[in-house]
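Notes follow once the structure below has been shown.
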Amino acid sequence: MDADRRIAAVEEVPEDSTLLVTLRPVDADAVDEGEGDVGEAADGTPEAEAILTRAAGEVRAFRNYCQHWTDVRLDKDDGAFVRNGEVFCQKHGATFEADGGYCNFGPCEGAVLESVDVTVDGDDVYLADDAYEFVRLGHATRDDDAGDSRIDFTGN
């Protein structure tokens with residue numbers, strides 16, 4: 001596998017939370033500035049975020065925004081809440097199945113998180129989605145904290 005596309009070790013991807021990563025879209029026009037996970041690098045190119053989680057032993061990745069209000073990030077750089085194989089939107093209480101991104105409860109029920117293709121090779125997770133380049137672990141660079149206010153439906 002290409003070392004530039006290595007994201008993390010499998011053991012770094014939590015089962016009860018998410019690992020936040022920053023990606024660079026190959027086609028800058030393919031991202032919507034209204035999505036809460038979009039930022040901008042120092043050179044002006046857009047950055048997007050993805051969350052990685054483990055569901056049923058498999059690593060999955062999705063863009064880091066809720067399908068109800070796309071300016072709300074699921075992981076605000078401290079891990080999204082994951083329980084019983086579901087990723088929670090702490091703003092709306094929506095739950096998304098971690099193995100496929102399907103919203104099974106909440107105001108966006110029936111919607112599906114935008115997936116990002118990843119693959120596991122040995123003990124490492126690699127970006128397999130040709131629409132993106134891996135930039136770094138952690139959040140995208142942004143001027144504000146888009147979607148940071150929340151009502152916590154998880155009991156935390």
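Residues in the structure tokens are numbered from 1 in each chain, the chains being A, B, ... in the order shown, and ligands are numbered from 1 in the order shown.
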For this session: Do a neighbour search on A:Asp129 at 7 Å with only C-alpha atoms, toss out local chain neighbours closer than 2 positions, and write the hits as a PyMOL selection string.
Result: chain A and resi 116-118+127+131-132
Exercise. So which residues touch stretch 41-57 of chain A within 6 Å, counting only C-alpha atoms, skipping near sequence neighbours fewer than 5 positions away, as an NGL selection string?
Worked result: :A and (13-15 or 18-24 or 62-64 or 85 or 98-99 or 140)
Using all heavy atoms, can you export the residues from the last selection as a compact mmCIF listing (two decimals), in the first residue's frame?
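Result written to out13.txt:
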# COMPACT_ATOMS: atom_id res chain seq x y z
N VAL A 13 -8.23 3.12 15.94
CA VAL A 13 -9.63 3.40 15.59
C VAL A 13 -10.51 2.80 16.68
O VAL A 13 -10.59 1.59 16.83
CB VAL A 13 -10.00 2.81 14.22
CG1 VAL A 13 -11.45 3.15 13.88
CG2 VAL A 13 -9.05 3.32 13.14
N PRO A 14 -11.19 3.65 17.46
CA PRO A 14 -11.98 3.15 18.58
C PRO A 14 -13.28 2.49 18.16
O PRO A 14 -13.81 2.78 17.09
CB PRO A 14 -12.25 4.41 19.41
CG PRO A 14 -12.17 5.53 18.44
CD PRO A 14 -11.20 5.10 17.37
N GLU A 15 -13.77 1.61 19.01
CA GLU A 15 -15.08 0.98 18.78
C GLU A 15 -16.19 1.77 19.46
O GLU A 15 -17.35 1.69 19.06
CB GLU A 15 -15.07 -0.45 19.29
CG GLU A 15 -14.17 -1.36 18.48
CD GLU A 15 -14.24 -2.81 18.92
OE1 GLU A 15 -15.27 -3.22 19.47
OE2 GLU A 15 -13.26 -3.53 18.70
N THR A 18 -14.95 7.75 17.72
CA THR A 18 -14.47 7.90 16.35
C THR A 18 -13.07 8.50 16.35
O THR A 18 -12.67 9.16 17.30
CB THR A 18 -15.41 8.81 15.52
OG1 THR A 18 -15.54 10.07 16.18
CG2 THR A 18 -16.77 8.17 15.34
N LEU A 19 -12.38 8.28 15.25
CA LEU A 19 -11.08 8.91 15.00
C LEU A 19 -11.29 9.92 13.89
O LEU A 19 -11.79 9.59 12.82
CB LEU A 19 -10.06 7.86 14.58
CG LEU A 19 -8.65 8.37 14.27
CD1 LEU A 19 -7.99 8.92 15.54
CD2 LEU A 19 -7.80 7.27 13.66
N LEU A 20 -10.94 11.17 14.15
CA LEU A 20 -11.17 12.27 13.21
C LEU A 20 -9.93 12.46 12.34
O LEU A 20 -8.81 12.51 12.84
CB LEU A 20 -11.47 13.56 13.98
CG LEU A 20 -11.78 14.81 13.18
CD1 LEU A 20 -13.05 14.62 12.35
CD2 LEU A 20 -11.93 16.00 14.11
N VAL A 21 -10.14 12.58 11.03
CA VAL A 21 -9.04 12.81 10.09
C VAL A 21 -9.42 13.91 9.11
O VAL A 21 -10.60 14.17 8.87
CB VAL A 21 -8.66 11.52 9.31
CG1 VAL A 21 -8.24 10.42 10.26
CG2 VAL A 21 -9.78 11.06 8.41
N THR A 22 -8.41 14.56 8.57
CA THR A 22 -8.61 15.59 7.55
C THR A 22 -8.17 15.06 6.20
O THR A 22 -7.11 14.44 6.08
CB THR A 22 -7.81 16.86 7.90
OG1 THR A 22 -8.33 17.41 9.12
CG2 THR A 22 -7.92 17.91 6.80
N LEU A 23 -9.00 15.31 5.21
CA LEU A 23 -8.75 14.88 3.84
C LEU A 23 -8.77 16.10 2.92
O LEU A 23 -9.37 17.12 3.24
CB LEU A 23 -9.84 13.91 3.38
CG LEU A 23 -10.11 12.71 4.27
CD1 LEU A 23 -11.32 11.94 3.75
CD2 LEU A 23 -8.90 11.82 4.36
N ARG A 24 -8.12 15.97 1.77
CA ARG A 24 -8.17 17.01 0.75
C ARG A 24 -8.91 16.45 -0.45
O ARG A 24 -8.49 15.46 -1.04
CB ARG A 24 -6.76 17.43 0.33
CG ARG A 24 -6.75 18.52 -0.75
CD ARG A 24 -5.34 18.99 -1.09
NE ARG A 24 -4.71 19.56 0.09
CZ ARG A 24 -3.65 19.02 0.73
NH1 ARG A 24 -3.09 17.93 0.29
NH2 ARG A 24 -3.15 19.60 1.81
N PHE A 62 -16.75 7.83 7.26
CA PHE A 62 -17.82 8.67 6.75
C PHE A 62 -17.39 10.12 6.85
O PHE A 62 -16.60 10.49 7.73
CB PHE A 62 -19.10 8.49 7.57
CG PHE A 62 -19.55 7.07 7.66
CD1 PHE A 62 -19.27 6.31 8.78
CD2 PHE A 62 -20.27 6.48 6.62
CE1 PHE A 62 -19.68 4.99 8.87
CE2 PHE A 62 -20.68 5.18 6.70
CZ PHE A 62 -20.39 4.42 7.83
N ARG A 63 -17.94 10.97 5.97
CA ARG A 63 -17.72 12.40 6.13
C ARG A 63 -18.32 12.83 7.47
O ARG A 63 -19.31 12.27 7.93
CB ARG A 63 -18.37 13.17 4.98
CG ARG A 63 -17.64 13.05 3.64
CD ARG A 63 -16.42 13.96 3.52
NE ARG A 63 -16.77 15.36 3.70
CZ ARG A 63 -17.22 16.15 2.74
NH1 ARG A 63 -17.39 15.71 1.50
NH2 ARG A 63 -17.53 17.42 3.00
N ASN A 64 -17.74 13.83 8.07
CA ASN A 64 -18.05 14.23 9.44
C ASN A 64 -19.13 15.32 9.51
O ASN A 64 -18.90 16.40 10.03
CB ASN A 64 -16.76 14.72 10.11
CG ASN A 64 -16.96 15.02 11.59
OD1 ASN A 64 -17.79 14.43 12.24
ND2 ASN A 64 -16.17 15.96 12.09
N GLY A 85 -22.99 0.04 18.30
CA GLY A 85 -22.85 0.08 16.85
C GLY A 85 -23.54 1.24 16.17
O GLY A 85 -23.78 1.20 14.96
N ALA A 98 -23.16 2.37 12.43
CA ALA A 98 -21.74 2.53 12.17
C ALA A 98 -21.22 1.62 11.06
O ALA A 98 -20.17 1.89 10.49
CB ALA A 98 -20.94 2.27 13.46
N ASP A 99 -21.97 0.59 10.70
CA ASP A 99 -21.49 -0.31 9.64
C ASP A 99 -21.89 0.14 8.25
O ASP A 99 -21.35 -0.34 7.26
CB ASP A 99 -21.95 -1.74 9.89
CG ASP A 99 -23.46 -1.91 9.86
OD1 ASP A 99 -24.18 -0.88 9.82
OD2 ASP A 99 -23.92 -3.06 9.89
N ALA A 140 -10.07 19.65 10.38
CA ALA A 140 -9.73 20.56 9.28
C ALA A 140 -9.54 21.96 9.84
O ALA A 140 -10.09 22.31 10.88
CB ALA A 140 -10.85 20.55 8.23
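Here atom CA of A:Asp130 and atom CA of A:Gly110 stand 26.6 Å from one another.
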Exercise. Of the candidates A:Asp32, A:Asp121, A:Glu40, A:Asp75, which one gets nearest to A:Thr141 if we count only C-alpha atoms?
Worked result: A:Glu40
Problem set entry | Minimum-distance residue to A:Gly100, chosen among A:Ala128, A:Val112, A:Leu137, A:Ala8 (using only C-alpha atoms) |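 Of A:Ala128, A:Val112, A:Leu137, A:Ala8, the one nearest A:Gly100 is A:Val112, counting only C-alpha atoms.
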Exercise. What is the distance, in Å and to one decimal place, between atom CA of A:Glu133 and atom CA of A:Ala30?
Worked result: 13.3 Å
